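Asker: Shown below is the structure under consideration.
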Amino acid sequence: MKTPVIVAALLFMASTAKAQQDFGLPELHQIKTATLGPCYSCRSEADFQKGYEETALFVSGYSKLRNSPDLLFNGFPGGDDYFQASTAGDDMALVADLGDIALEDVTAQLAFNTRNIFAFKRFSRFTRVASINEGHTYAVLLNKSEIRGLLIFRVDSYVHNQKVSLRYAVKEYQILSVRAQSPGFDWEKKNQ
């Protein structure tokens, strides 16, 4: 009687492992490192034609395949640099600067309120872009047509317009199948 249950469990685990392998899904709660640079809009026209190259972080094989970065190091030559989570189309990803909090201490719950105190000023402020601050930890809400997730990262070092070194951990990552969508999305269209 136990044999069919064990076989079913093993088949389920094998199919889950296969799905992670096919999509290159990230392992959750594991700290990894990345160095991004130079800033995306600071590159030459020739480099710009090569795509994102090392300016973007792709946490899954699926986001890399779609050419849809999960985080972009962007800015202006000689101007301000910033992190951008929303990069194209109907992508509505947002980023929040959580301040100087250890990456190891940030849970999914604390990403939305680092002190876990119900006070409006304590809730994280998610925006389309965030300025880069060395020693700060950030949270990214991934909200794309086929991807939903939560990414936490900390800036370990930063050289203006040139590079940013960070450590990151993925707290949640899902590849979705959109069953239906209202037609006509437009960033600029007003309401009637």
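Scheme for the structure tokens: letters A, B, ... for chains in order shown; per-chain residue numbers from 1; ligand numbers from 1 in order shown.
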Given only C-alpha atoms, how would the per-residue table for range 20-103 of chain A near range 153-162 of chain A read, listing every residue at most 10 Å away with its closest atom pair and distance in Å to one decimal, sorted by chain and number, as JSON lines?
Answerer:
```
{"residue": "A:Ile31", "atom": "CA", "partner": "A:Phe153", "partner_atom": "CA", "distance": 8.8}
{"residue": "A:Lys32", "atom": "CA", "partner": "A:Phe153", "partner_atom": "CA", "distance": 9.2}
{"residue": "A:Thr33", "atom": "CA", "partner": "A:Phe153", "partner_atom": "CA", "distance": 9.1}
{"residue": "A:Ala34", "atom": "CA", "partner": "A:Phe153", "partner_atom": "CA", "distance": 9.8}
{"residue": "A:Thr35", "atom": "CA", "partner": "A:Ser157", "partner_atom": "CA", "distance": 9.2}
{"residue": "A:Leu36", "atom": "CA", "partner": "A:Gln162", "partner_atom": "CA", "distance": 8.4}
{"residue": "A:Gly37", "atom": "CA", "partner": "A:Gln162", "partner_atom": "CA", "distance": 5.4}
{"residue": "A:Pro38", "atom": "CA", "partner": "A:Gln162", "partner_atom": "CA", "distance": 4.2}
{"residue": "A:Cys39", "atom": "CA", "partner": "A:Asn161", "partner_atom": "CA", "distance": 5.3}
{"residue": "A:Tyr40", "atom": "CA", "partner": "A:Asn161", "partner_atom": "CA", "distance": 8.8}
{"residue": "A:Ser41", "atom": "CA", "partner": "A:Asn161", "partner_atom": "CA", "distance": 9.0}
{"residue": "A:Cys42", "atom": "CA", "partner": "A:Asn161", "partner_atom": "CA", "distance": 6.6}
{"residue": "A:Arg43", "atom": "CA", "partner": "A:Asn161", "partner_atom": "CA", "distance": 9.3}
{"residue": "A:Thr55", "atom": "CA", "partner": "A:Gln162", "partner_atom": "CA", "distance": 9.7}
{"residue": "A:Leu71", "atom": "CA", "partner": "A:Phe153", "partner_atom": "CA", "distance": 10.0}
{"residue": "A:Phe73", "atom": "CA", "partner": "A:Asn161", "partner_atom": "CA", "distance": 9.0}
{"residue": "A:Asn74", "atom": "CA", "partner": "A:Asn161", "partner_atom": "CA", "distance": 8.2}
{"residue": "A:Gly75", "atom": "CA", "partner": "A:Asn161", "partner_atom": "CA", "distance": 6.9}
{"residue": "A:Phe76", "atom": "CA", "partner": "A:Asn161", "partner_atom": "CA", "distance": 7.4}
{"residue": "A:Pro77", "atom": "CA", "partner": "A:Asn161", "partner_atom": "CA", "distance": 6.5}
{"residue": "A:Gly78", "atom": "CA", "partner": "A:Asn161", "partner_atom": "CA", "distance": 7.1}
{"residue": "A:Gly79", "atom": "CA", "partner": "A:Asn161", "partner_atom": "CA", "distance": 8.0}
{"residue": "A:Asp80", "atom": "CA", "partner": "A:Asn161", "partner_atom": "CA", "distance": 8.1}
{"residue": "A:Asp81", "atom": "CA", "partner": "A:Asn161", "partner_atom": "CA", "distance": 6.4}
{"residue": "A:Tyr82", "atom": "CA", "partner": "A:Asn161", "partner_atom": "CA", "distance": 9.5}
{"residue": "A:Asp97", "atom": "CA", "partner": "A:Arg154", "partner_atom": "CA", "distance": 9.6}
{"residue": "A:Leu98", "atom": "CA", "partner": "A:Arg154", "partner_atom": "CA", "distance": 9.4}
{"residue": "A:Gly99", "atom": "CA", "partner": "A:Arg154", "partner_atom": "CA", "distance": 9.3}
{"residue": "A:Asp100", "atom": "CA", "partner": "A:Arg154", "partner_atom": "CA", "distance": 8.7}
{"residue": "A:Ile101", "atom": "CA", "partner": "A:Arg154", "partner_atom": "CA", "distance": 8.6}
{"residue": "A:Ala102", "atom": "CA", "partner": "A:Arg154", "partner_atom": "CA", "distance": 7.8}
{"residue": "A:Leu103", "atom": "CA", "partner": "A:Arg154", "partner_atom": "CA", "distance": 6.1}
```
Asker: Do you have, as JSON lines, the list of residues of range 72-113 of chain A lying at most 12 Å from range 145-152 of chain A, each with its nearest atom pair and that distance in Å to one decimal, counting only C-alpha atoms and ordered by chain then number?
Answerer:
```
{"residue": "A:Ala85", "atom": "CA", "partner": "A:Leu151", "partner_atom": "CA", "distance": 10.2}
{"residue": "A:Ser86", "atom": "CA", "partner": "A:Ser145", "partner_atom": "CA", "distance": 11.5}
{"residue": "A:Ala88", "atom": "CA", "partner": "A:Ser145", "partner_atom": "CA", "distance": 10.7}
{"residue": "A:Gly89", "atom": "CA", "partner": "A:Ser145", "partner_atom": "CA", "distance": 9.0}
{"residue": "A:Asp90", "atom": "CA", "partner": "A:Ser145", "partner_atom": "CA", "distance": 6.9}
{"residue": "A:Asp91", "atom": "CA", "partner": "A:Ser145", "partner_atom": "CA", "distance": 6.7}
{"residue": "A:Met92", "atom": "CA", "partner": "A:Ser145", "partner_atom": "CA", "distance": 8.7}
{"residue": "A:Ala93", "atom": "CA", "partner": "A:Arg148", "partner_atom": "CA", "distance": 8.8}
{"residue": "A:Leu94", "atom": "CA", "partner": "A:Leu150", "partner_atom": "CA", "distance": 9.9}
{"residue": "A:Val95", "atom": "CA", "partner": "A:Leu151", "partner_atom": "CA", "distance": 9.2}
{"residue": "A:Ala96", "atom": "CA", "partner": "A:Ile152", "partner_atom": "CA", "distance": 9.6}
{"residue": "A:Asp97", "atom": "CA", "partner": "A:Ile152", "partner_atom": "CA", "distance": 10.0}
{"residue": "A:Leu98", "atom": "CA", "partner": "A:Ile152", "partner_atom": "CA", "distance": 9.5}
{"residue": "A:Gly99", "atom": "CA", "partner": "A:Ile152", "partner_atom": "CA", "distance": 11.9}
{"residue": "A:Ile101", "atom": "CA", "partner": "A:Ile152", "partner_atom": "CA", "distance": 11.0}
{"residue": "A:Ala102", "atom": "CA", "partner": "A:Ile152", "partner_atom": "CA", "distance": 10.5}
{"residue": "A:Leu103", "atom": "CA", "partner": "A:Ile152", "partner_atom": "CA", "distance": 7.3}
{"residue": "A:Glu104", "atom": "CA", "partner": "A:Ile152", "partner_atom": "CA", "distance": 9.7}
{"residue": "A:Asp105", "atom": "CA", "partner": "A:Ile152", "partner_atom": "CA", "distance": 10.5}
{"residue": "A:Val106", "atom": "CA", "partner": "A:Ile152", "partner_atom": "CA", "distance": 7.6}
{"residue": "A:Thr107", "atom": "CA", "partner": "A:Ile152", "partner_atom": "CA", "distance": 8.9}
{"residue": "A:Ala108", "atom": "CA", "partner": "A:Leu150", "partner_atom": "CA", "distance": 7.5}
{"residue": "A:Gln109", "atom": "CA", "partner": "A:Leu150", "partner_atom": "CA", "distance": 10.6}
{"residue": "A:Leu110", "atom": "CA", "partner": "A:Ile152", "partner_atom": "CA", "distance": 10.5}
{"residue": "A:Ala111", "atom": "CA", "partner": "A:Ile152", "partner_atom": "CA", "distance": 7.8}
{"residue": "A:Phe112", "atom": "CA", "partner": "A:Leu150", "partner_atom": "CA", "distance": 10.6}
```
Asker: DSSP on the backbone: what in chain A comes out helix (DSSP H, G or I), as a PyMOL selection string?
Answerer: chain A and resi 2-23+40-42+45-48+53-55+61-65+103-105+120-122
Asker: Selected residues, C-alpha atoms, written as a PDB file, in the first residue's frame, please.
Answerer:
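Written file, part27.pdb:
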```pdb
ATOM      1  CA  LYS A   2       2.873   2.389   0.756  1.00  0.00           C
ATOM      2  CA  THR A   3       4.670   1.616  -2.520  1.00  0.00           C
ATOM      3  CA  PRO A   4       2.236   3.531  -4.818  1.00  0.00           C
ATOM      4  CA  VAL A   5       2.426   6.579  -2.512  1.00  0.00           C
ATOM      5  CA  ILE A   6       6.216   6.497  -2.524  1.00  0.00           C
ATOM      6  CA  VAL A   7       6.321   6.076  -6.310  1.00  0.00           C
ATOM      7  CA  ALA A   8       3.882   8.978  -6.753  1.00  0.00           C
ATOM      8  CA  ALA A   9       5.991  11.172  -4.449  1.00  0.00           C
ATOM      9  CA  LEU A  10       9.169  10.320  -6.354  1.00  0.00           C
ATOM     10  CA  LEU A  11       7.507  11.069  -9.695  1.00  0.00           C
ATOM     11  CA  PHE A  12       6.255  14.415  -8.364  1.00  0.00           C
ATOM     12  CA  MET A  13       9.730  15.334  -7.090  1.00  0.00           C
ATOM     13  CA  ALA A  14      11.286  14.343 -10.425  1.00  0.00           C
ATOM     14  CA  SER A  15       8.767  16.434 -12.374  1.00  0.00           C
ATOM     15  CA  THR A  16       9.393  19.430 -10.075  1.00  0.00           C
ATOM     16  CA  ALA A  17      13.158  19.097 -10.528  1.00  0.00           C
ATOM     17  CA  LYS A  18      12.642  18.810 -14.303  1.00  0.00           C
ATOM     18  CA  ALA A  19      10.505  21.981 -14.339  1.00  0.00           C
ATOM     19  CA  GLN A  20      13.182  23.897 -12.428  1.00  0.00           C
ATOM     20  CA  GLN A  21      15.813  22.643 -14.844  1.00  0.00           C
ATOM     21  CA  ASP A  22      13.801  23.543 -17.951  1.00  0.00           C
ATOM     22  CA  PHE A  23      13.109  27.108 -16.807  1.00  0.00           C
ATOM     23  CA  TYR A  40      22.842  50.468 -19.159  1.00  0.00           C
ATOM     24  CA  SER A  41      22.401  53.961 -20.635  1.00  0.00           C
ATOM     25  CA  CYS A  42      26.055  54.927 -20.041  1.00  0.00           C
ATOM     26  CA  GLU A  45      25.992  53.135 -29.153  1.00  0.00           C
ATOM     27  CA  ALA A  46      27.837  50.009 -30.323  1.00  0.00           C
ATOM     28  CA  ASP A  47      27.578  48.408 -26.868  1.00  0.00           C
ATOM     29  CA  PHE A  48      23.943  49.472 -26.590  1.00  0.00           C
ATOM     30  CA  GLU A  53      25.046  42.275 -21.500  1.00  0.00           C
ATOM     31  CA  GLU A  54      26.357  42.715 -17.904  1.00  0.00           C
ATOM     32  CA  THR A  55      24.088  45.645 -17.012  1.00  0.00           C
ATOM     33  CA  GLY A  61      16.929  31.001 -17.304  1.00  0.00           C
ATOM     34  CA  TYR A  62      13.378  31.861 -18.305  1.00  0.00           C
ATOM     35  CA  SER A  63      13.843  35.621 -17.784  1.00  0.00           C
ATOM     36  CA  LYS A  64      17.131  35.410 -19.730  1.00  0.00           C
ATOM     37  CA  LEU A  65      15.405  33.530 -22.571  1.00  0.00           C
ATOM     38  CA  LEU A 103      20.451  40.777   3.625  1.00  0.00           C
ATOM     39  CA  GLU A 104      20.533  37.665   5.795  1.00  0.00           C
ATOM     40  CA  ASP A 105      17.795  39.105   8.041  1.00  0.00           C
ATOM     41  CA  PHE A 120       2.204  53.746   7.850  1.00  0.00           C
ATOM     42  CA  LYS A 121       5.658  55.343   7.887  1.00  0.00           C
ATOM     43  CA  ARG A 122       7.205  51.883   8.471  1.00  0.00           C
TER      44      ARG A 122
END
```
Asker: For CA of Leu142 in chain A and CA of Ser60 in chain A, quote the distance in Å rounded to one decimal.
Answerer: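 Between CA of Leu142 in chain A and CA of Ser60 in chain A the gap works out to 12.2 Å.
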Asker: Give me, as a PyMOL selection string, the residues of range 76-123 of chain A that a backbone DSSP run labels strand (DSSP E or B).
Answerer: chain A and resi 81-84+94-99
